[in-house]
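J.: Dropping a structure here in structure tokens format, bear with me for questions.
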4 protein chains.
Amino acid sequence: MSSSLGNKLKVSIFGESHGKAIGVVLDGLPPGIEIDMDFIKEEMARRRPGKSILSTSRNEEDNFEILSGYFQGKTTGTPLCAIIFNQDCRSQDYNQLKNLPRPGHADYTGFIKYNNFNDYRGGGHFSGRLTAPLVFAGAVAKHVLKHRNITIASHIKSIQDVCDESFDSIDIDEATVSRLRKSDFPVLDESAGQKMKEQILAAKKEKDSVGGIIETIITNLQPGLGFPIFDGVESRLAHALFSIPAVKGVEFGAGFNITKLRGSQANDEFILEGNKIVTSTNHNGGILGGITTGMPLVFRVAIKPTPSIGISQKTVDLQKKQDTTITVKGRHDPCIVPRAIPAVEAASAVVVLDLLLEREGEYGLSKEFKNGDR
Amino acid sequence: MSSSLGNKLKVSIFGESHGKAIGVVLDGLPPGIEIDMDFIKEEMARRRPGKSILSTSRNEEDNFEILSGYFQGKTTGTPLCAIIFNQDCRSQDYNQLKNLPRPGHADYTGFIKYNNFNDYRGGGHFSGRLTAPLVFAGAVAKHVLKHRNITIASHIKSIQDVCDESFDSIDIDEATVSRLRKSDFPVLDESAGQKMKEQILAAKKEKDSVGGIIETIITNLQPGLGFPIFDGVESRLAHALFSIPAVKGVEFGAGFNITKLRGSQANDEFILEGNKIVTSTNHNGGILGGITTGMPLVFRVAIKPTPSIGISQKTVDLQKKQDTTITVKGRHDPCIVPRAIPAVEAASAVVVLDLLLEREGEYGLSKEFKNGDR
Amino acid sequence: MSSSLGNKLKVSIFGESHGKAIGVVLDGLPPGIEIDMDFIKEEMARRRPGKSILSTSRNEEDNFEILSGYFQGKTTGTPLCAIIFNQDCRSQDYNQLKNLPRPGHADYTGFIKYNNFNDYRGGGHFSGRLTAPLVFAGAVAKHVLKHRNITIASHIKSIQDVCDESFDSIDIDEATVSRLRKSDFPVLDESAGQKMKEQILAAKKEKDSVGGIIETIITNLQPGLGFPIFDGVESRLAHALFSIPAVKGVEFGAGFNITKLRGSQANDEFILEGNKIVTSTNHNGGILGGITTGMPLVFRVAIKPTPSIGISQKTVDLQKKQDTTITVKGRHDPCIVPRAIPAVEAASAVVVLDLLLEREGEYGLSKEFKNGDR
Amino acid sequence: MSSSLGNKLKVSIFGESHGKAIGVVLDGLPPGIEIDMDFIKEEMARRRPGKSILSTSRNEEDNFEILSGYFQGKTTGTPLCAIIFNQDCRSQDYNQLKNLPRPGHADYTGFIKYNNFNDYRGGGHFSGRLTAPLVFAGAVAKHVLKHRNITIASHIKSIQDVCDESFDSIDIDEATVSRLRKSDFPVLDESAGQKMKEQILAAKKEKDSVGGIIETIITNLQPGLGFPIFDGVESRLAHALFSIPAVKGVEFGAGFNITKLRGSQANDEFILEGNKIVTSTNHNGGILGGITTGMPLVFRVAIKPTPSIGISQKTVDLQKKQDTTITVKGRHDPCIVPRAIPAVEAASAVVVLDLLLEREGEYGLSKEFKNGDR
């Protein structure tokens with residue numbers, strides 16, 4: 001029980017940062033989905049390292065290979081496995097890690113958990129690199145969700161103390177969605193974005209790192225997705241989002257700030273919009289009682305500063321049982337936030353598709369079931 | 001797939017606020033655990049309504065009855081079912097709800113989800129009353145965790161904009177734990193607590209409500225609990241915590257504030273303390289890579305203002321499809337935060353026990369396995 | 001992980017034979033199903049002890065009480081919990097069992113599993129009495145399946161070496177279904193049934209017991225239910241069927257006898273029947289590759305002789321660690337086969353409903369979803 | 001929900017017979033297990049086609065490649081993925097299958113299930129070829145089980161109406177285990193084996209096929225594995241065994257024949273053997289109440305005749321909706337029984353390891369946890 005997620009759509013991720021390959025199995029995809037490979041590649045490219053001075057110089061092509069579940073350009077409905085071979089590994093950079101756990105990383109907990117048998121190179125199975133197969137899975141899921149016009153858009157809400165504007169939680173226009181998606185550094189207010197980049201470069205200069213907050217909106221979700229009590233949409237999404245390395249907080253709607261409102265302010269009143277029941281505000285982020293209301297789903301995710309920094313830090317030599325220090329070598333992002341966006345969206349897409357399939361069963365997302373010759 | 005949680009310890013909750021009974025099945029408890037009924041009752045009492053002017057006047061004794069899995073004063077290892085009969089129901093208060101969904105409640109989503117067949121009285125299965133069986137489950141779990149000296153303590157971190165101090169994330173003394181546990185309104189700084197109560201009463205006076213933040217610390221957890229990627233401790237805890245009605249945010253360690261730190265500040269350095277590896281700070285809240293470090297597990301939960309308020313609000317008549325208004329009658333808490341604390345601790349206890357059992361198997365928490373005559 | 005079953009419809013069973021109550025939670029039922037209480041009672045009565053000289057004289061009314069998930073005569077869609085209070089317990093009959101495991105029973109394995117903390121009275125959680133909540137669950141499931149005209153019928157295929165005829169695996173007429181359902185001792189050939197009863201009474205006279213084979217047919221299943229590899233219909237049904245105490249074998253279609261045929265005989269040829277694709281024979285019992293073909297699902301279940309017999313048998317005193325003997329007292333069935341039929345059908349009904357819900361989602365079995373005003 | 005199995009050890013299988021690759025993910029293996037590659041290859045070789053005139057002439061090397069979860073010659077504890085590239089595919093042999101479902105195969109049900117988008121070539125995901133990754137998984141599991149001296153041995157109990165002797169269900173000697181393991185056609189009585197081979201060749205000559213029964217014994221299992229009611233050892237094993245293509249029946253201990261015994265014969269009496277509690281007979285096959293007794297686990301599996309035969313059979317053209325006939329081309333086994341043995345053992349090994357890990361947790365099978373420096 002560890003590296004798999006989902007009920008009706010099951011996502012299993014495997015691999016280590018410096019092993020032969022990393023990959024993902026998607027079990028439960030609807031059959032007959034024509035996958036747009038260019039779209040998948042675009043999504044993968046959004047996460048890929050080595051694109052700008054803001055990120056690590058490790059250059060991975062991230063070329064995926066689909067091994068199964070895909071036939072004549074369409075999903076078959078059986079498990080789809082995709083793998084990505086690791087290429088640009090400099091494992092020697094990590095030799096020191098064997099006995100010196102990096103602060104803020106999972107080296108120490110991996111050592112304890114696996115009794116020193118874990119592949120420590122580059123964080124092994126705990127590496128941020130494992131978000132590549134997640135992004136692949138998310139890209140496929142997004143592609144399926146498009147059949148329902150479900151859109152997922154995100155921006156960088158803040159880097160350290162520099163804040164962007166917030167999404168209007170009631171609506172988002174197509175142009176903004178498209179602009180954010182295409183940007184390497186998506187913000188609503190470009191001037192705030194400029195200041196954020198300066199913060200990142202300032203940290204980089206000092207061999208340090210910074211974190212930030214990602215805000216995401218999902219539109220066109222039907223009401224009625226999710227379950228009461230233990231299997232609500234917030235539970236399911238938070239579960240998936242906290243699986244992304246560096247995430248330390250998740251909040252929905254007004255989130256922690258809702259605690260500063262009175263009930264009369266926080267409650268979203270119901271009104272008719274034409275024949276449709278909507279809420280006039282959306283402080284609850286599109287979820288009530290664990291179930292979607294039909295309003296946009298809005299949430300924010302806190303990403304901690306990249307733990308890999310070029311500054312000397314205290315650690316303990318696990319073999320010698322001695323206090324010592326470590327200066328992390330290797331190529332690292334001074335800020336992981338922009339590259340975390342596709343991972344956040346991917347985790348969300350996978351959860352939303354799972355919820356939809358639970359609601360509608362196998363018949364749900366297959367247009368062909370209705371139009372076919374059966 | 002909805003109202004059950006856990007892998008090795010499975011918790012299933014059933015019931016509706018105004019139905020015959022609510023209850024819980026705990027499947028996977030270690031055998032031979034002597035349950036201290038007074039402790040369970042104490043825990044239940046912490047959640048119970050009707051205790052003070054700060055909470056609802058609905059007075060439920062919450063007397064539980066254990067139906068199975070318990071023999072000669074000890075757990076048998078087979079499923080333990082406990083039920084609580086509903087007594088003080090004034091269902092007529094809820095007649096209006098049938099067609100008028102209360103803002104901020106799950107009435108509308110329940111209507112959609114269950115196609116108008118849900119028991120709408122008092123929120124039905126979505127009611128905060130369903131935290132009573134959760135608290136029962138948590139009390140049993142806490143009791144088992146005591147065999148490992150694992151302690152869970154919480155305080156009210158804030159009500160609206162009034163803040164208490166924060167836990168020292170490195171340590172907490174026995175006296176504080178004990179004082180917080182016994183308090184109806186647990187805070188670290190009593191003067192802050194006084195101001196919080198004033199906020200609540202001010203809201204109550206205006207038939208309004210307020211929310212707040214709960215901070216929880218879990219000590220003496222062994223390192224190595226949890227799993228990488230999709231089944232990390234943060235994922236598991238957040239999943240359970242978001243199942244509590246009114247929770248809109250969950251953060252671990254420094255949480256959202258970690259995004260304001262640099263990596264050199266946020267990273268928790270490893271040092272030796274005697275023969276034990278610890279971290280000198282605990283911004284990561286005792287979790288790295290989804291796995292416990294052995295440091296205290298610290299998290300905060302945002303509780304929204306009670307949605308039931310005596311102020312008129314807009315809603316839509318579901319039958320007539322007309323805009324209208326609703327003024328929520330019935331007896332409600334102006335602030336649910338104090339009563340949410342045992343629910344937060346219960347959800348945590350259940351998750352922690354599950355993680356321990358996954359780590360150690362059935363042999364894990366049974367002293368008797370070692371001391372018995374086998 | 002033990003006493004619960006199912007993916008989309010989750011069935012959890014709790015209780016001990018001589019505890020306060022036994023019961024079941026059904027999570028995932030479609031909302032809006034009007035439950036016919038008389039039908040449920042009929043099903044329960046089929047399993048109930050104390051009806052004839054062929055079964056135990058323990059007389060349990062088996063009056064169930066529905067605690068949740070049921071409102072205004074219909075399912076709500078939230079977890080439905082039903083309990084049955086234990087009444088006619090003569091626990092003193094079982095005092096000797098504490099240290100003397102009965103051959104053929106789970107006393108010894110329960111002792112080992114639960115380290116001597118299990119409730120040994122009457123077999124505790126392992127007792128055949130726990131099939132009462134299963135039969136309740138099955139009755140509800142059958143009731144839902146009726147909306148699709150899915151019928152489950154069974155007969156006693158054999159008692160010891162006396163055999164009944166076999167079902168025609170292609171078709172079964174309504175009259176036979178109805179006749180079998182109403183019979184206390186359902187057989188196709190009544191003269192074989194007479195001989196079977198004689199075998200049972202002969203065994204009873206000698207304080208011994210006999211077993212037999214149950215054959216079941218499920219009609220009107222749509223093609224396409226089930227999953228490849230690990231989650232096929234045979235896997236799912238066998239999983240549930242082996243959970244019934246005393247079941248030692250399960251076979252589908254021609255079962256073990258298919259090994260005596262050649263491929264040219266065993267293969268079921270496809271033919272058109274009007275516009276419908278059917279098979280001319282049904283040696284595969286309505287399943288190919290783990291998925292239903294649309295032909296009747298046919299299987300047989302081997303039920304061992306009741307292990308409780310009044311003849312002295314060797315056992316070991318667990319406390320004294322000494323060889324000794326035991327003569328089982330208490331009231332027991334000389335043959336459990338007739339009373340096992342409703343349990344076999346219940347397990348099947350629950351699995352079939354789960355498969356249907358996985359195929360069709362929450363929309364699947366709710367007529368109202370289609371006819372409602374949404 | 002389809003192609004994955006297990007609780008603590010999760011096995012996911014992916015791939016299609018004529019796709020790029022087939023493979024398996026093993027999630028939950030204990031860390032630090034040194035895998036003996038020669039042993040794995042031996043196991044794979046037992047299943048491999050193209051070895052004798054008794055089997056298909058499709059010649060697959062079945063060279064597996066481990067992509068993850070394996071570091072410095074040992075398991076890491078993180079998901080182990082192994083893939084096998086498909087090589088000797090003659091997909092054109094299967095062109096006719098697109099519209100002509102082969103009797104006895106999953107072509108028709110795959111067509112229905114996946115709405116005609118399934119990869120029909122060679123049976124696709126339903127192909128017996130998918131037992132190759134299962135056998136890989138089983139080989140790894142067996143390897144781990146060796147640390148507990150747990151042995152799995154099988155023989156061909158029958159081919160059509162030719163029967164071998166039965167295992168002594170109380171004991172099996174090392175020499176027999178070793179002899180059976182090394183044989184391409186394992187039987188206890190070689191003269192019976194000779195007759196079986198003649199049956200197979202006779203069927204082959206007539207382009208027909210035959211089936212048979214496999215009997216398996218697992219020794220040195222500790223008592224106490226498994227769970228009551230829905231998660232018993234029989235349920236778990238049967239679930240896994242029915243996932244193997246062509247399996248139509250599973251029975252434990254005396255199985256269907258136990259129905260011919262009286263209770264006084266069928267009950268296995270408990271006796272002391274030195275200080276150990278054993279049973280004098282083993283009609284229950286080492287399981288009581290779903291839990292292991294410590295006696296050898298014995299079961300039999302019915303394998304239907306290979307559905308691929310060179311004789312013309314009736315089928316329906318799915319496109320034209322017309323009755324027609326099909327003669328299956330391609331290279332096929334006249335009898336799949338010998339090659340099914342490693343699959344049966346693999347499914348068993350995987351289930352047994354899962355049960356052990358559930359009983360003992362992560363600490364269970366890691367010698368190193370006890371001997372290491374922690």
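We label chains A, B, ... in the order they appear in the structure tokens, count residues from 1 in each chain, and number ligands from 1 in the order shown.
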Give me the residues near Ser366 of chain A as a PyMOL selection string, where near means some atom within 12 Å (using only C-alpha atoms) and where sequence neighbours in that chain fewer than 3 positions away do not count.

T.: (chain A and resi 29-34+74-77+144-145+147-148+356-357+360-363+369-372) or (chain C and resi 360) or (chain D and resi 113-117)

J.: Restricting the output to C-alpha atoms, write the selected residues as a PDB file, in the first residue's frame.

T.:
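Produced file result_39.pdb, reproduced below:
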```
ATOM      1  CA  LEU A  29      -9.311   4.463 -18.269  1.00  0.00           C
ATOM      2  CA  PRO A  30     -12.385   4.488 -20.491  1.00  0.00           C
ATOM      3  CA  PRO A  31     -11.803   2.681 -23.796  1.00  0.00           C
ATOM      4  CA  GLY A  32     -11.795   4.505 -27.119  1.00  0.00           C
ATOM      5  CA  ILE A  33     -10.143   7.725 -25.958  1.00  0.00           C
ATOM      6  CA  GLU A  34      -8.029   9.132 -28.743  1.00  0.00           C
ATOM      7  CA  LYS A  74      -6.909   4.872 -28.788  1.00  0.00           C
ATOM      8  CA  THR A  75      -7.099   3.625 -25.241  1.00  0.00           C
ATOM      9  CA  THR A  76      -8.205   0.022 -24.997  1.00  0.00           C
ATOM     10  CA  GLY A  77      -9.657   0.235 -21.490  1.00  0.00           C
ATOM     11  CA  VAL A 144     -10.422  12.693 -21.082  1.00  0.00           C
ATOM     12  CA  LEU A 145     -11.921  15.509 -18.988  1.00  0.00           C
ATOM     13  CA  HIS A 147     -14.820  15.660 -23.348  1.00  0.00           C
ATOM     14  CA  ARG A 148     -16.818  17.305 -20.558  1.00  0.00           C
ATOM     15  CA  LEU A 356     -16.484  11.105 -12.467  1.00  0.00           C
ATOM     16  CA  LEU A 357     -15.988   7.434 -13.248  1.00  0.00           C
ATOM     17  CA  GLU A 360     -21.020   7.426 -14.043  1.00  0.00           C
ATOM     18  CA  GLY A 361     -19.427   4.003 -14.176  1.00  0.00           C
ATOM     19  CA  GLU A 362     -17.758   2.552 -17.223  1.00  0.00           C
ATOM     20  CA  TYR A 363     -20.430   3.989 -19.463  1.00  0.00           C
ATOM     21  CA  PHE A 369     -20.981   3.636 -25.789  1.00  0.00           C
ATOM     22  CA  LYS A 370     -23.885   5.722 -26.894  1.00  0.00           C
ATOM     23  CA  ASN A 371     -23.011   6.215 -30.533  1.00  0.00           C
ATOM     24  CA  GLY A 372     -21.541   2.799 -31.265  1.00  0.00           C
TER      25      GLY A 372
ATOM     26  CA  GLU C 360     -23.012   1.708 -14.498  1.00  0.00           C
TER      27      GLU C 360
ATOM     28  CA  LYS D 113     -16.538  -4.772 -22.194  1.00  0.00           C
ATOM     29  CA  TYR D 114     -14.347  -2.375 -24.110  1.00  0.00           C
ATOM     30  CA  ASN D 115     -16.828  -1.496 -26.780  1.00  0.00           C
ATOM     31  CA  ASN D 116     -14.680  -2.840 -29.576  1.00  0.00           C
ATOM     32  CA  PHE D 117     -11.605  -0.799 -28.629  1.00  0.00           C
TER      33      PHE D 117
END
```

J.: Can you list every residue in segment 171-220 of chain C that DSSP puts in strand (DSSP E), as a VMD selection string?

T.: chain C and resid 212 to 219

J.: Measuring atom to atom with only C-alpha atoms, identify which of C:Glu234, C:Cys163, C:Asn267, C:Ile66 is nearest to Gln194 of chain C.

T.: C:Cys163

J.: Could you tell me which residues of chain D sit within 9 Å of chain A when counting only C-alpha atoms, and give me the result as a short mmCIF file (atom, residue, chain, number, x, y, z; two decimals) with N, CA and C atoms, in the first residue's frame?

T.:
```cif
data_model
loop_
_atom_site.label_atom_id
_atom_site.label_comp_id
_atom_site.auth_asym_id
_atom_site.auth_seq_id
_atom_site.Cartn_x
_atom_site.Cartn_y
_atom_site.Cartn_z
N MET D 1 -10.20 -0.54 -11.16
CA MET D 1 -10.29 -1.79 -10.40
C MET D 1 -10.24 -2.98 -11.34
N SER D 2 -9.13 -3.50 -11.62
CA SER D 2 -9.18 -4.69 -12.43
C SER D 2 -7.92 -5.51 -12.33
N SER D 3 -6.82 -4.94 -12.75
CA SER D 3 -5.67 -5.80 -12.92
C SER D 3 -4.68 -5.68 -11.77
N SER D 4 -5.21 -5.46 -10.56
CA SER D 4 -4.30 -5.46 -9.42
C SER D 4 -4.87 -6.27 -8.27
N GLY D 6 -4.10 -7.72 -4.02
CA GLY D 6 -3.33 -7.73 -2.78
C GLY D 6 -3.56 -6.54 -1.89
N ASN D 7 -3.27 -6.72 -0.62
CA ASN D 7 -3.43 -5.65 0.36
C ASN D 7 -2.10 -5.01 0.71
N LYS D 8 -1.24 -5.76 1.32
CA LYS D 8 0.04 -5.22 1.79
C LYS D 8 1.08 -5.36 0.67
N LEU D 9 0.98 -6.43 -0.08
CA LEU D 9 1.79 -6.60 -1.29
C LEU D 9 0.83 -6.46 -2.46
N LYS D 10 1.03 -5.43 -3.25
CA LYS D 10 0.11 -5.17 -4.35
C LYS D 10 0.76 -5.56 -5.68
N SER D 12 0.30 -5.50 -9.73
CA SER D 12 -0.46 -4.97 -10.86
C SER D 12 0.14 -5.49 -12.15
N ILE D 13 -0.71 -6.00 -13.01
CA ILE D 13 -0.22 -6.56 -14.27
C ILE D 13 -0.75 -5.75 -15.44
N PHE D 14 0.11 -5.51 -16.40
CA PHE D 14 -0.32 -4.75 -17.57
C PHE D 14 0.20 -5.40 -18.84
N GLY D 15 -0.39 -5.02 -19.96
CA GLY D 15 0.15 -5.49 -21.23
C GLY D 15 -0.83 -6.27 -22.07
N GLU D 16 -0.50 -6.38 -23.34
CA GLU D 16 -1.29 -7.17 -24.27
C GLU D 16 -0.35 -8.13 -25.00
N GLY D 19 1.29 -6.45 -27.89
CA GLY D 19 1.71 -5.06 -27.72
C GLY D 19 3.21 -4.96 -27.57
N LYS D 20 3.67 -3.79 -27.16
CA LYS D 20 5.11 -3.58 -27.05
C LYS D 20 5.71 -4.44 -25.95
N ALA D 21 5.10 -4.41 -24.79
CA ALA D 21 5.65 -5.16 -23.66
C ALA D 21 4.54 -5.50 -22.69
N ILE D 22 4.79 -6.52 -21.90
CA ILE D 22 3.92 -6.85 -20.79
C ILE D 22 4.73 -6.69 -19.52
N GLY D 23 4.08 -6.53 -18.38
CA GLY D 23 4.88 -6.34 -17.18
C GLY D 23 4.07 -6.36 -15.92
N VAL D 25 4.01 -4.66 -11.68
CA VAL D 25 4.53 -3.83 -10.59
C VAL D 25 4.24 -4.53 -9.28
N ASP D 27 4.34 -3.85 -5.44
CA ASP D 27 4.45 -2.76 -4.47
C ASP D 27 4.25 -3.32 -3.07
N GLY D 28 5.27 -3.18 -2.23
CA GLY D 28 5.14 -3.65 -0.86
C GLY D 28 6.09 -4.79 -0.51
N PRO D 30 9.30 -6.54 0.94
CA PRO D 30 10.24 -6.14 2.01
C PRO D 30 11.55 -5.67 1.39
N PRO D 31 12.19 -4.69 2.00
CA PRO D 31 13.49 -4.25 1.48
C PRO D 31 14.61 -5.22 1.87
N GLY D 32 15.67 -5.20 1.08
CA GLY D 32 16.86 -5.98 1.45
C GLY D 32 16.83 -7.43 1.01
N ILE D 66 14.24 -5.54 -15.08
CA ILE D 66 13.75 -4.88 -13.87
C ILE D 66 14.04 -3.39 -13.99
N LEU D 67 12.98 -2.58 -13.90
CA LEU D 67 13.14 -1.13 -14.11
C LEU D 67 13.31 -0.35 -12.82
N SER D 68 12.84 -0.89 -11.72
CA SER D 68 12.80 -0.09 -10.49
C SER D 68 12.73 -1.00 -9.27
N GLY D 69 12.96 -0.41 -8.11
CA GLY D 69 12.76 -1.12 -6.86
C GLY D 69 13.84 -2.13 -6.53
N TYR D 70 14.93 -2.03 -7.23
CA TYR D 70 15.99 -3.03 -7.12
C TYR D 70 17.32 -2.31 -7.25
N PHE D 71 18.17 -2.43 -6.24
CA PHE D 71 19.38 -1.60 -6.18
C PHE D 71 20.50 -2.41 -5.53
N GLN D 72 21.59 -2.46 -6.19
CA GLN D 72 22.75 -3.19 -5.68
C GLN D 72 22.39 -4.63 -5.31
N LYS D 74 19.59 -5.94 -4.47
CA LYS D 74 18.58 -6.19 -3.45
C LYS D 74 17.33 -5.36 -3.67
N THR D 75 16.20 -5.85 -3.17
CA THR D 75 14.99 -5.03 -3.24
C THR D 75 15.15 -3.80 -2.35
N THR D 76 14.55 -2.70 -2.81
CA THR D 76 14.65 -1.45 -2.04
C THR D 76 13.45 -1.26 -1.12
N GLY D 77 12.39 -1.99 -1.38
CA GLY D 77 11.15 -1.79 -0.61
C GLY D 77 10.16 -0.90 -1.36
N THR D 78 10.62 -0.19 -2.38
CA THR D 78 9.74 0.62 -3.22
C THR D 78 9.27 -0.23 -4.41
N PRO D 79 8.27 0.25 -5.15
CA PRO D 79 7.68 -0.61 -6.19
C PRO D 79 8.70 -1.18 -7.18
N LEU D 80 8.67 -2.48 -7.33
CA LEU D 80 9.54 -3.16 -8.29
C LEU D 80 8.75 -3.39 -9.57
N CYS D 81 9.22 -2.78 -10.65
CA CYS D 81 8.56 -3.01 -11.95
C CYS D 81 9.46 -3.83 -12.84
N PHE D 85 9.59 -7.62 -23.04
CA PHE D 85 9.22 -7.14 -24.37
C PHE D 85 8.67 -8.31 -25.21
N ILE D 112 -17.38 -6.62 -25.93
CA ILE D 112 -18.49 -5.98 -25.21
C ILE D 112 -17.96 -5.03 -24.14
N LYS D 113 -17.06 -5.54 -23.33
CA LYS D 113 -16.54 -4.77 -22.19
C LYS D 113 -15.92 -3.46 -22.65
N TYR D 114 -15.12 -3.54 -23.68
CA TYR D 114 -14.35 -2.37 -24.11
C TYR D 114 -14.90 -1.75 -25.38
N ASN D 115 -16.12 -2.15 -25.69
CA ASN D 115 -16.83 -1.50 -26.78
C ASN D 115 -16.04 -1.49 -28.08
N ASN D 116 -15.41 -2.63 -28.33
CA ASN D 116 -14.68 -2.84 -29.58
C ASN D 116 -13.37 -2.07 -29.67
N PHE D 117 -12.89 -1.50 -28.59
CA PHE D 117 -11.60 -0.80 -28.63
C PHE D 117 -10.47 -1.66 -28.08
N ASN D 118 -10.80 -2.85 -27.60
CA ASN D 118 -9.75 -3.71 -27.04
C ASN D 118 -8.78 -4.18 -28.12
N ASP D 119 -7.57 -4.46 -27.70
CA ASP D 119 -6.56 -5.02 -28.61
C ASP D 119 -6.87 -6.51 -28.74
N HIS D 125 -5.13 -8.32 -23.65
CA HIS D 125 -4.88 -8.32 -22.20
C HIS D 125 -5.39 -9.62 -21.56
N GLN D 319 -19.50 -7.76 -36.98
CA GLN D 319 -19.79 -6.60 -37.82
C GLN D 319 -21.02 -6.85 -38.70
N GLU D 362 5.68 -4.64 8.17
CA GLU D 362 6.91 -4.39 7.41
C GLU D 362 8.12 -5.02 8.07
N SER D 366 12.02 -9.15 7.03
CA SER D 366 13.35 -8.57 6.88
C SER D 366 14.22 -9.02 8.03
N GLU D 368 17.07 -8.40 8.33
CA GLU D 368 17.94 -7.27 8.62
C GLU D 368 17.35 -6.34 9.67
N PHE D 369 16.03 -6.30 9.74
CA PHE D 369 15.43 -5.43 10.75
C PHE D 369 15.89 -5.86 12.15
N GLY D 372 20.18 -5.72 11.95
CA GLY D 372 20.83 -4.47 11.57
C GLY D 372 21.30 -3.67 12.76
N ARG D 374 20.13 -0.93 13.87
CA ARG D 374 19.17 0.04 14.43
C ARG D 374 18.87 -0.25 15.90
#
```

J.: I'd like the neighbourhood of Pro305 of chain B as a list in words, where a residue qualifies if any of its atoms comes within 10 Å (using only C-alpha atoms), though same-chain residues fewer than 4 positions away should be ignored.

T.: Ile258, Thr259, Lys260, Leu261, Arg262, Gly263, Ser264, Gln265, Ala266 and Asn267 of chain A; Gly104, Ile159, Gln160, Asp208, Ser209, Val210, Gly211, Gly212, Ala246, Val247, Ile309, Asp333, Pro334, Cys335, Ile336 and Val337 of chain B

J.: For the residues in the current selection, export C-alpha atoms as a PDB file, in the first residue's frame.

T.:
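Saved to again-v2.pdb:
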```pdb
ATOM      1  CA  ILE A 258     -12.480  31.551   6.147  1.00  0.00           C
ATOM      2  CA  THR A 259     -11.769  31.378   9.886  1.00  0.00           C
ATOM      3  CA  LYS A 260     -11.657  35.170   9.937  1.00  0.00           C
ATOM      4  CA  LEU A 261     -15.154  35.541   8.498  1.00  0.00           C
ATOM      5  CA  ARG A 262     -18.446  35.362  10.269  1.00  0.00           C
ATOM      6  CA  GLY A 263     -20.939  32.683   9.191  1.00  0.00           C
ATOM      7  CA  SER A 264     -23.088  35.323   7.524  1.00  0.00           C
ATOM      8  CA  GLN A 265     -20.097  36.231   5.342  1.00  0.00           C
ATOM      9  CA  ALA A 266     -18.679  32.747   4.807  1.00  0.00           C
ATOM     10  CA  ASN A 267     -21.907  31.052   3.771  1.00  0.00           C
TER      11      ASN A 267
ATOM     12  CA  GLY B 104     -22.921  26.538   3.806  1.00  0.00           C
ATOM     13  CA  ILE B 159     -10.974  32.300  16.710  1.00  0.00           C
ATOM     14  CA  GLN B 160     -11.606  34.793  13.941  1.00  0.00           C
ATOM     15  CA  ASP B 208     -24.131  34.887  13.710  1.00  0.00           C
ATOM     16  CA  SER B 209     -21.235  32.462  14.056  1.00  0.00           C
ATOM     17  CA  VAL B 210     -17.425  32.352  13.935  1.00  0.00           C
ATOM     18  CA  GLY B 211     -14.711  29.875  12.994  1.00  0.00           C
ATOM     19  CA  GLY B 212     -11.131  29.296  13.975  1.00  0.00           C
ATOM     20  CA  ALA B 246     -16.406  22.462   8.313  1.00  0.00           C
ATOM     21  CA  VAL B 247     -12.688  21.758   7.735  1.00  0.00           C
ATOM     22  CA  ILE B 309     -27.116  31.029  11.682  1.00  0.00           C
ATOM     23  CA  ASP B 333     -23.306  26.318  18.088  1.00  0.00           C
ATOM     24  CA  PRO B 334     -22.196  29.893  17.475  1.00  0.00           C
ATOM     25  CA  CYS B 335     -18.705  28.354  17.151  1.00  0.00           C
ATOM     26  CA  ILE B 336     -17.975  24.716  16.497  1.00  0.00           C
ATOM     27  CA  VAL B 337     -14.220  24.939  17.093  1.00  0.00           C
TER      28      VAL B 337
END
```

J.: Could you give me, as a tab-separated table (two decimals) with C-alpha atoms, in the first residue's frame, the residues within 8 Å of Val351 of chain C, counting only C-alpha atoms and dropping anything in the same chain fewer than 4 positions from it?

T.:
```tsv
chain	number	residue	atom	x	y	z
C	6	GLY	CA	-16.90	-5.06	-2.33
C	236	ARG	CA	-15.15	-12.06	-7.16
C	237	LEU	CA	-17.85	-14.67	-6.71
C	240	ALA	CA	-17.48	-14.14	-1.56
C	347	ALA	CA	-23.12	-13.66	-1.39
C	355	LEU	CA	-20.36	-5.49	-10.48
```
